[in-house]
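Undergrad: Just passing along the structure, written as structure tokens.
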There are 4 protein chains.
Amino acid sequence: MKKDDISTEEKIINASIELFSEKGFDSTKTSEIAKNAGIAEGTIFRYFKTKKDILMSIVTKAIQFFSEKFIVLPLNKVLHSEKPEEEILADLLKDRYEMITKNFSIIKVIGTEALTKEKIREKLVEHVAIKTLEIGEEFYQSGIEKGIFRDLPPRTVVRSLFGSVIMLIAEQQFFPDDKKSKDVEKEISTIVEIFMNGIKSRKE
Amino acid sequence: MKKDDISTEEKIINASIELFSEKGFDSTKTSEIAKNAGIAEGTIFRYFKTKKDILMSIVTKAIQFFSEKFIVLPLNKVLHSEKPEEEILADLLKDRYEMITKNFSIIKVIGTEALTKEKIREKLVEHVAIKTLEIGEEFYQSGIEKGIFRDLPPRTVVRSLFGSVIMLIAEQQFFPDDKKSKDVEKEISTIVEIFMNGIKSRKE
Amino acid sequence: MKKDDISTEEKIINASIELFSEKGFDSTKTSEIAKNAGIAEGTIFRYFKTKKDILMSIVTKAIQFFSEKFIVLPLNKVLHSEKPEEEILADLLKDRYEMITKNFSIIKVIGTEALTKEKIREKLVEHVAIKTLEIGEEFYQSGIEKGIFRDLPPRTVVRSLFGSVIMLIAEQQFFPDDKKSKDVEKEISTIVEIFMNGIKSRKE
Amino acid sequence: MKKDDISTEEKIINASIELFSEKGFDSTKTSEIAKNAGIAEGTIFRYFKTKKDILMSIVTKAIQFFSEKFIVLPLNKVLHSEKPEEEILADLLKDRYEMITKNFSIIKVIGTEALTKEKIREKLVEHVAIKTLEIGEEFYQSGIEKGIFRDLPPRTVVRSLFGSVIMLIAEQQFFPDDKKSKDVEKEISTIVEIFMNGIKSRKE
DNA sequence: CATGAATGAGTGTTCATTCAT
DNA sequence: TATGAATGAACACTCATTCAT
């Protein structure tokens, strides 16, 4: 009763994230959550009125967490860094990559549910997606003004960068046997290289 | 019984795609499928042994369809085109964009289910993802060899391009009110521009 | 498949009335209703959204039925009869007695639930109790005007008469072994006698 | 710990009577009893083995209480009074009226449960109903013998009187907005008048 | 071949009861 | 003795599936 003092509510949340992420919300039985959490099934309902409430609690907390970790912190890193832009970009992508990879289960849950549940989708768009894009656009815009970046539509640039990282992660998660994307550092620096200099050969 | 000659099986499939895509597989009741298809609930089970069989049939057919439309046809377009590379790239992305957008419901269904159902994920990876990547890589590789593209890892380039289009579509589908991504032609040509020439300003 | 053609809904209603009346609404399990009705438990919910809906359906239908049988018909009997008042009164009480006794199960259900459920109580008061009292009062009032009845408050008279019949029935239902109230004809004519002439001895 | 010295057991009993009477036994949760009693839910089970035991304790105590208050005391009042019969009757009815009204919650609980629980019904019949009727019958019988009352079946007379009071109380409790039964003194003296002299007009 | 009423296994949820503190 | 978190048996209700017509 010292540390390890993981509360019953946390046990439920953790078991739920794991199961929802593996099998989806609907296919996860409350009896399984209970078993995985090491508690009685009835106990779940002392903490959450319904099974759906577990999901909503996970989503709400996660979105809150991400809207801080994802947005405020990287913002400062980016805006106050003295490094050259290429490095800043690489740092940003790596940071994002790690954040998503580390929280992949929960992100998978939220992402999946967002596809069919408008309420979740709206929360996600409002608190995470739009803010993330806006900060990225601001960063790019200021780069244009400093003469570092070309005058291209910031939204498109940011969205494409983000898509490139997302696909890297998807590839690693969903075809885990593939060798081609194992070296993350290299992948990310390649992505930065592609975006900075393009793929067109400039002979001579 | 001439045209309009949509078979009962097709009615079931179409209704299912629509509903699965809106509400997800588990939340869709067979009674709803029947109502949407304009048939009796029992009739469904003359064509499909179980509800899951409807899903598997949709997935199998779609994957078959996509593995042709997605892979074989663009392959030829790309490999036998006389256009300059920038245009080929733009054509490819536009083609992919349209294919995905037009079949968005069914892709959403397959994508969602692939997240939690290994069998579907494997089919998708094997028949669509890998092939698509391979053809893209081949295209890029031959571009390198022709001296058109820089010598960067093809997989990373192709994956990033694909991620850029996917994110464009996601943005349009999930925040439909946003003005920034409405003009598809322009978006795609911007993406091509980014990938061809990079975002770094080259003053001097 | 000729007569006997008691519908599934009726089977459910009948089984429910019997069980609710015996054990009360809360103590009756839907599994018992199903067994008593000779159907599967799930079938209940094709006809009634919830267990409570069964109760409400019983109550609503019964109140509708009673507000007709109880009020409109006796009204006509009473108002258009040529018999002397004592006989009219005896007929009325007997009629009421039989109605209640014949429908005792359902009346017990409604009465019990009315004690704790405001909605049911209100319906009962509005559609049955008030109307019944009003018609009784009207009958008594016209008797006063014809010089047949003494000028006493009609409500009190009617209520007391009704209470006398109710208690007779209660006694028969709840202490069924008691001999004193077995002869209904005699009981009712005694009640009429009490109300017509009072209990005070008028010697000489 | 002087006055106010209401024991935990009493707190439970009082809270239970209030809630059982409002919502019925089955619909009352032990958690609500605890909240209403200002104690912890677990504490209930130090005083009562089961929830049903609370009910049985209420019923047993109440029946004990009533069988004294209801029977022994009025008995003496009636048998040793020097007042004229009309006044004795009025006193009796008023006394009963007040007893029931003052204890209405508990009587409602017992009455409701008696409808579905044979054990409670039997206790009620044996310890209260029969005794009450017997004493009433005895009183009436002696009135007959004294030449004060007409020779009518005592059981019927007593039962009807009781029914008249019960209906008066029911009317007041269940349609509280009605004006016609507000003046209790007058209602009871009208009931006495009806029973003593009948409702038949005796012109001339 | 189509129907839709009936089925019943399976699930989320409730709540009286227990027990370690 | 009092507490309230945890329990799990019991229950209402859902819905894919069956089958007599």
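Ordering of the structure tokens sets the chain letters (A, B, ...), residue numbers begin anew at 1 in every chain, and ligands are numbered from 1 in the order given.
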Would you give me, as a ChimeraX atom specification, the residues of chain C that come within 8 Å of chain E, using only C-alpha atoms (C1' of nucleotides)?
TA: /C:40-43
Undergrad: Can you tell me, as a CSV table (one decimal) with N, CA and C atoms, in the first residue's frame, what residues are no more than 7 Å from A:Met167 when counting only C-alpha atoms (C1' of nucleotides), ignoring any on the same chain fewer than 2 positions away?
TA:
```csv
chain,number,residue,atom,x,y,z
A,163,GLY,N,1.2,13.8,-42.6
A,163,GLY,CA,0.8,12.5,-43.3
A,163,GLY,C,2.0,11.6,-43.5
A,164,SER,N,3.2,12.2,-43.7
A,164,SER,CA,4.4,11.4,-44.0
A,164,SER,C,4.7,10.6,-42.7
A,165,VAL,N,4.6,11.3,-41.6
A,165,VAL,CA,5.0,10.7,-40.3
A,165,VAL,C,3.9,9.6,-39.9
A,169,ILE,N,4.5,5.5,-39.2
A,169,ILE,CA,4.0,4.8,-38.0
A,169,ILE,C,3.1,3.7,-38.4
A,170,ALA,N,2.1,4.0,-39.3
A,170,ALA,CA,1.2,2.9,-39.8
A,170,ALA,C,1.9,1.8,-40.3
A,171,GLU,N,2.9,2.0,-41.2
A,171,GLU,CA,3.7,1.0,-41.8
A,171,GLU,C,4.3,0.1,-40.7
B,159,ARG,N,5.8,6.4,-49.7
B,159,ARG,CA,5.0,6.4,-48.5
B,159,ARG,C,4.6,7.8,-48.1
B,160,SER,N,5.5,8.8,-48.2
B,160,SER,CA,5.2,10.1,-47.9
B,160,SER,C,4.2,10.8,-48.9
B,163,GLY,N,0.9,9.4,-48.0
B,163,GLY,CA,0.4,10.0,-46.8
B,163,GLY,C,-0.1,11.4,-47.0
```
Undergrad: I'd like the neighbourhood of C:Asn197 as a VMD selection string, where a residue qualifies if any of its atoms comes within 7 Å (using only C-alpha atoms (C1' of nucleotides)), though same-chain residues fewer than 4 positions away should be ignored.
TA: (chain C and resid 193) or (chain D and resid 197 to 200)
Undergrad: I need the chosen residues saved as a PDB file, in the first residue's frame, with C-alpha atoms.
TA:
```pdb
ATOM      1  CA  GLU C 193     -81.023  -1.832   4.317  1.00  0.00           C
TER       2      GLU C 193
ATOM      3  CA  ASN D 197     -80.866   7.170  10.459  1.00  0.00           C
ATOM      4  CA  GLY D 198     -80.417   5.998   6.890  1.00  0.00           C
ATOM      5  CA  ILE D 199     -80.734   8.006   3.755  1.00  0.00           C
ATOM      6  CA  LYS D 200     -84.368   7.391   3.044  1.00  0.00           C
TER       7      LYS D 200
END
```
Undergrad: How close does each residue of chain F get to chain B, giving the shortest atom pair and distance in Å to one decimal for every residue with an atom at most 10 Å away, counting only C-alpha atoms (C1' of nucleotides), sorted by chain and residue number, as a tab-separated table?
TA:
```
residue	atom	partner	partner_atom	distance
F:DC15	C1'	B:Lys29	CA	7.3
F:DA16	C1'	B:Thr30	CA	7.3
F:DT17	C1'	B:Thr50	CA	7.9
F:DT18	C1'	B:Gly42	CA	8.6
F:DC19	C1'	B:Gly42	CA	9.7
```
Undergrad: Please check the contacts: residues of chain C at most 9 Å away from chain D, using only C-alpha atoms, listed as a compact mmCIF listing (two decimals) with N, CA and C atoms, in the first residue's frame.
TA:
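Generated file (part-v5.txt):
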```txt
# COMPACT_ATOMS: atom_id res chain seq x y z
N PHE C 20 -48.26 -10.42 -11.78
CA PHE C 20 -48.18 -9.14 -11.07
C PHE C 20 -49.14 -9.15 -9.88
N SER C 21 -50.31 -9.71 -10.11
CA SER C 21 -51.33 -9.70 -9.06
C SER C 21 -50.93 -10.60 -7.90
N GLU C 22 -50.28 -11.71 -8.22
CA GLU C 22 -49.85 -12.64 -7.18
C GLU C 22 -48.66 -12.13 -6.39
N LYS C 23 -47.63 -11.65 -7.14
CA LYS C 23 -46.35 -11.37 -6.47
C LYS C 23 -45.93 -9.92 -6.56
N GLY C 24 -46.70 -9.14 -7.27
CA GLY C 24 -46.30 -7.74 -7.44
C GLY C 24 -45.43 -7.56 -8.67
N ASP C 26 -42.58 -5.81 -9.21
CA ASP C 26 -41.11 -5.91 -9.08
C ASP C 26 -40.63 -7.34 -8.87
N SER C 27 -41.43 -8.12 -8.17
CA SER C 27 -40.99 -9.48 -7.87
C SER C 27 -41.27 -10.45 -9.01
N LYS C 108 -56.37 -5.43 -8.56
CA LYS C 108 -55.34 -5.50 -7.51
C LYS C 108 -54.01 -4.94 -8.04
N THR C 112 -52.46 -1.64 -6.46
CA THR C 112 -51.15 -1.70 -5.81
C THR C 112 -50.19 -0.70 -6.42
N GLU C 113 -50.14 -0.68 -7.73
CA GLU C 113 -49.19 0.21 -8.39
C GLU C 113 -49.57 1.67 -8.19
N LEU C 115 -50.55 2.97 -5.65
CA LEU C 115 -50.08 3.45 -4.34
C LEU C 115 -48.71 4.11 -4.42
N THR C 116 -47.90 3.66 -5.34
CA THR C 116 -46.54 4.22 -5.40
C THR C 116 -46.21 4.93 -6.71
N LYS C 117 -47.08 4.80 -7.70
CA LYS C 117 -46.75 5.44 -8.98
C LYS C 117 -47.76 6.54 -9.29
N ARG C 121 -51.70 6.55 -10.53
CA ARG C 121 -52.71 7.07 -9.59
C ARG C 121 -53.54 8.15 -10.26
N GLU C 122 -52.84 9.06 -10.94
CA GLU C 122 -53.56 10.15 -11.61
C GLU C 122 -54.54 9.65 -12.64
N VAL C 125 -57.50 8.12 -10.84
CA VAL C 125 -58.37 9.15 -10.24
C VAL C 125 -59.17 9.84 -11.34
N ILE C 144 -82.71 13.15 -4.05
CA ILE C 144 -83.09 14.21 -3.10
C ILE C 144 -84.19 15.07 -3.70
N GLY C 147 -87.49 13.81 -3.67
CA GLY C 147 -88.03 13.60 -2.32
C GLY C 147 -87.84 12.18 -1.82
N ILE C 148 -87.00 11.41 -2.52
CA ILE C 148 -86.81 10.02 -2.11
C ILE C 148 -85.71 9.91 -1.05
N PHE C 149 -84.65 10.69 -1.24
CA PHE C 149 -83.52 10.64 -0.32
C PHE C 149 -83.48 11.89 0.56
N ARG C 150 -82.91 11.72 1.72
CA ARG C 150 -82.73 12.86 2.62
C ARG C 150 -81.63 13.76 2.07
N ASP C 151 -81.71 15.00 2.52
CA ASP C 151 -80.75 15.97 2.00
C ASP C 151 -79.42 15.88 2.74
N LEU C 152 -78.64 14.87 2.36
CA LEU C 152 -77.31 14.69 2.95
C LEU C 152 -76.26 14.90 1.85
N PRO C 153 -75.04 15.19 2.23
CA PRO C 153 -74.03 15.44 1.18
C PRO C 153 -73.84 14.21 0.29
N ARG C 155 -71.69 13.27 -1.93
CA ARG C 155 -70.36 12.68 -1.97
C ARG C 155 -70.15 11.71 -0.81
N THR C 156 -70.51 12.13 0.37
CA THR C 156 -70.30 11.29 1.55
C THR C 156 -71.13 10.01 1.47
N VAL C 157 -72.34 10.15 1.04
CA VAL C 157 -73.21 8.98 0.92
C VAL C 157 -72.62 7.98 -0.08
N ARG C 159 -69.60 7.75 -1.32
CA ARG C 159 -68.32 7.24 -0.90
C ARG C 159 -68.48 6.13 0.14
N SER C 160 -69.39 6.32 1.05
CA SER C 160 -69.61 5.32 2.11
C SER C 160 -70.19 4.04 1.54
N LEU C 161 -71.11 4.18 0.62
CA LEU C 161 -71.67 3.00 -0.03
C LEU C 161 -70.57 2.22 -0.75
N PHE C 162 -69.77 2.96 -1.46
CA PHE C 162 -68.68 2.33 -2.19
C PHE C 162 -67.71 1.64 -1.23
N GLY C 163 -67.40 2.33 -0.15
CA GLY C 163 -66.51 1.75 0.86
C GLY C 163 -67.08 0.47 1.45
N SER C 164 -68.39 0.42 1.59
CA SER C 164 -69.02 -0.77 2.16
C SER C 164 -68.85 -1.98 1.24
N VAL C 165 -68.99 -1.71 -0.06
CA VAL C 165 -68.83 -2.81 -1.01
C VAL C 165 -67.37 -3.26 -1.09
N ILE C 166 -66.49 -2.27 -1.14
CA ILE C 166 -65.06 -2.56 -1.22
C ILE C 166 -64.62 -3.42 -0.04
N MET C 167 -65.07 -3.07 1.14
CA MET C 167 -64.67 -3.83 2.33
C MET C 167 -65.25 -5.25 2.30
N LEU C 168 -66.45 -5.37 1.77
CA LEU C 168 -67.02 -6.71 1.63
C LEU C 168 -66.12 -7.58 0.74
N GLU C 171 -62.81 -8.38 2.43
CA GLU C 171 -62.96 -9.45 3.43
C GLU C 171 -63.00 -10.82 2.77
N PHE C 174 -59.47 -11.56 1.27
CA PHE C 174 -58.31 -11.68 2.15
C PHE C 174 -58.51 -12.55 3.38
N PHE C 175 -59.74 -12.74 3.78
CA PHE C 175 -59.89 -13.88 4.70
C PHE C 175 -60.93 -14.81 4.18
N LYS C 180 -68.75 -15.45 7.55
CA LYS C 180 -69.74 -14.39 7.74
C LYS C 180 -70.13 -13.60 6.50
N SER C 181 -69.32 -13.65 5.47
CA SER C 181 -69.65 -12.80 4.33
C SER C 181 -69.87 -13.62 3.06
N GLU C 187 -75.56 -10.08 1.95
CA GLU C 187 -74.70 -8.98 2.38
C GLU C 187 -75.12 -7.67 1.73
N THR C 190 -78.33 -6.38 2.99
CA THR C 190 -78.14 -5.78 4.31
C THR C 190 -77.54 -4.39 4.21
N ILE C 191 -76.53 -4.25 3.34
CA ILE C 191 -75.92 -2.92 3.16
C ILE C 191 -76.97 -1.91 2.70
N GLU C 193 -80.14 -2.06 3.17
CA GLU C 193 -81.02 -1.83 4.32
C GLU C 193 -80.41 -0.83 5.31
N ILE C 194 -79.12 -1.05 5.60
CA ILE C 194 -78.44 -0.13 6.52
C ILE C 194 -78.50 1.29 5.99
N PHE C 195 -78.15 1.43 4.72
CA PHE C 195 -78.10 2.78 4.17
C PHE C 195 -79.49 3.38 4.03
N MET C 196 -80.48 2.57 3.69
CA MET C 196 -81.82 3.14 3.49
C MET C 196 -82.44 3.55 4.83
N ASN C 197 -82.33 2.66 5.80
CA ASN C 197 -83.08 2.91 7.03
C ASN C 197 -82.24 3.16 8.27
N GLY C 198 -80.96 3.06 8.17
CA GLY C 198 -80.12 3.32 9.34
C GLY C 198 -80.14 2.15 10.29
N ILE C 199 -79.29 2.27 11.28
CA ILE C 199 -79.16 1.16 12.23
C ILE C 199 -79.88 1.44 13.55
N LYS C 200 -80.38 2.62 13.64
CA LYS C 200 -81.00 2.99 14.93
C LYS C 200 -82.35 2.29 15.10
N SER C 201 -82.48 1.73 16.25
CA SER C 201 -83.75 1.07 16.55
C SER C 201 -84.85 2.12 16.71
N ARG C 202 -85.97 1.85 16.07
CA ARG C 202 -87.10 2.80 16.17
C ARG C 202 -88.27 2.09 16.84
N LYS C 203 -88.07 1.75 18.05
CA LYS C 203 -89.14 1.00 18.72
C LYS C 203 -90.36 1.90 18.84
```
Undergrad: How many Å separate atom CA of C:Gln172 from atom CA of C:Phe104?
TA: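 Pair atom CA of C:Gln172 / atom CA of C:Phe104 returns 11.4 Å.
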Undergrad: Would you give me, as a count of residues only, the residues in stretch 15-148 of chain D that DSSP reads as helix (DSSP H, G or I)?
TA: 112
Undergrad: Could you list, as a PDB file with all heavy atoms, in the first residue's frame, every residue within 10 Å of D:Asp95, counting only C-alpha atoms (C1' of nucleotides) and ignoring same-chain residues fewer than 5 positions away?
TA:
```pdb
ATOM      1  N   PHE D  70     -55.154   0.111  18.742  1.00  0.00           N
ATOM      2  CA  PHE D  70     -56.342   0.050  17.913  1.00  0.00           C
ATOM      3  C   PHE D  70     -57.478  -0.672  18.595  1.00  0.00           C
ATOM      4  O   PHE D  70     -58.631  -0.459  18.293  1.00  0.00           O
ATOM      5  CB  PHE D  70     -55.991  -0.714  16.637  1.00  0.00           C
ATOM      6  CG  PHE D  70     -56.202   0.102  15.432  1.00  0.00           C
ATOM      7  CD1 PHE D  70     -55.593   1.341  15.341  1.00  0.00           C
ATOM      8  CD2 PHE D  70     -57.009  -0.334  14.388  1.00  0.00           C
ATOM      9  CE1 PHE D  70     -55.784   2.115  14.221  1.00  0.00           C
ATOM     10  CE2 PHE D  70     -57.205   0.439  13.281  1.00  0.00           C
ATOM     11  CZ  PHE D  70     -56.590   1.666  13.184  1.00  0.00           C
ATOM     12  N   PRO D  74     -59.496   1.737  22.455  1.00  0.00           N
ATOM     13  CA  PRO D  74     -60.861   2.111  22.048  1.00  0.00           C
ATOM     14  C   PRO D  74     -61.903   1.253  22.737  1.00  0.00           C
ATOM     15  O   PRO D  74     -62.974   1.728  23.098  1.00  0.00           O
ATOM     16  CB  PRO D  74     -60.872   1.849  20.540  1.00  0.00           C
ATOM     17  CG  PRO D  74     -59.454   1.771  20.139  1.00  0.00           C
ATOM     18  CD  PRO D  74     -58.665   1.351  21.321  1.00  0.00           C
ATOM     19  N   LEU D  89     -70.166   6.511  18.722  1.00  0.00           N
ATOM     20  CA  LEU D  89     -69.834   6.132  17.352  1.00  0.00           C
ATOM     21  C   LEU D  89     -68.937   7.188  16.708  1.00  0.00           C
ATOM     22  O   LEU D  89     -67.896   6.874  16.107  1.00  0.00           O
ATOM     23  CB  LEU D  89     -71.134   5.998  16.543  1.00  0.00           C
ATOM     24  CG  LEU D  89     -71.147   4.967  15.441  1.00  0.00           C
ATOM     25  CD1 LEU D  89     -70.678   3.621  15.943  1.00  0.00           C
ATOM     26  CD2 LEU D  89     -72.564   4.855  14.860  1.00  0.00           C
ATOM     27  N   ALA D  90     -69.329   8.428  16.854  1.00  0.00           N
ATOM     28  CA  ALA D  90     -68.530   9.512  16.280  1.00  0.00           C
ATOM     29  C   ALA D  90     -67.133   9.512  16.875  1.00  0.00           C
ATOM     30  O   ALA D  90     -66.126   9.660  16.162  1.00  0.00           O
ATOM     31  CB  ALA D  90     -69.218  10.854  16.511  1.00  0.00           C
ATOM     32  N   ILE D 100     -55.293   6.265  11.837  1.00  0.00           N
ATOM     33  CA  ILE D 100     -54.867   5.884  10.487  1.00  0.00           C
ATOM     34  C   ILE D 100     -54.131   7.035   9.798  1.00  0.00           C
ATOM     35  O   ILE D 100     -53.071   6.850   9.196  1.00  0.00           O
ATOM     36  CB  ILE D 100     -56.075   5.437   9.629  1.00  0.00           C
ATOM     37  CG1 ILE D 100     -56.694   4.168  10.234  1.00  0.00           C
ATOM     38  CG2 ILE D 100     -55.652   5.182   8.192  1.00  0.00           C
ATOM     39  CD1 ILE D 100     -57.968   3.719   9.539  1.00  0.00           C
ATOM     40  N   THR D 101     -54.697   8.220   9.921  1.00  0.00           N
ATOM     41  CA  THR D 101     -54.095   9.364   9.252  1.00  0.00           C
ATOM     42  C   THR D 101     -52.700   9.652   9.791  1.00  0.00           C
ATOM     43  O   THR D 101     -51.757   9.899   9.036  1.00  0.00           O
ATOM     44  CB  THR D 101     -54.992  10.598   9.416  1.00  0.00           C
ATOM     45  OG1 THR D 101     -56.285  10.274   8.911  1.00  0.00           O
ATOM     46  CG2 THR D 101     -54.437  11.787   8.669  1.00  0.00           C
TER      47      THR D 101
END
```
Undergrad: Just to confirm, what's the straight-line distance from atom CA of D:Ala15 to atom CA of D:Lys35 in Å (one decimal)?
TA: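 Going from atom CA of D:Ala15 over to atom CA of D:Lys35, I get 8.7 Å.
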Undergrad: As a JSON list (two decimals) with C-alpha atoms, in the first residue's frame, please: the residues near B:Ile135 (cut-off 10 Å, only C-alpha atoms (C1' of nucleotides), same-chain neighbours under 6 positions excluded).
TA:
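Done, and the output landed in around23.json:
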```json
[["chain", "number", "residue", "atom", "x", "y", "z"],
["B", 71, "ILE", "CA", -2.50, -1.28, -59.16],
["B", 72, "VAL", "CA", -2.68, -2.68, -62.64],
["B", 74, "PRO", "CA", -2.21, 3.07, -62.88],
["B", 75, "LEU", "CA", 0.81, 0.94, -63.47],
["B", 78, "VAL", "CA", 2.57, 5.52, -65.37],
["B", 79, "LEU", "CA", 4.96, 3.29, -67.16],
["B", 141, "GLN", "CA", 13.57, 3.61, -58.86],
["B", 158, "VAL", "CA", 6.32, 6.81, -52.01]]
```
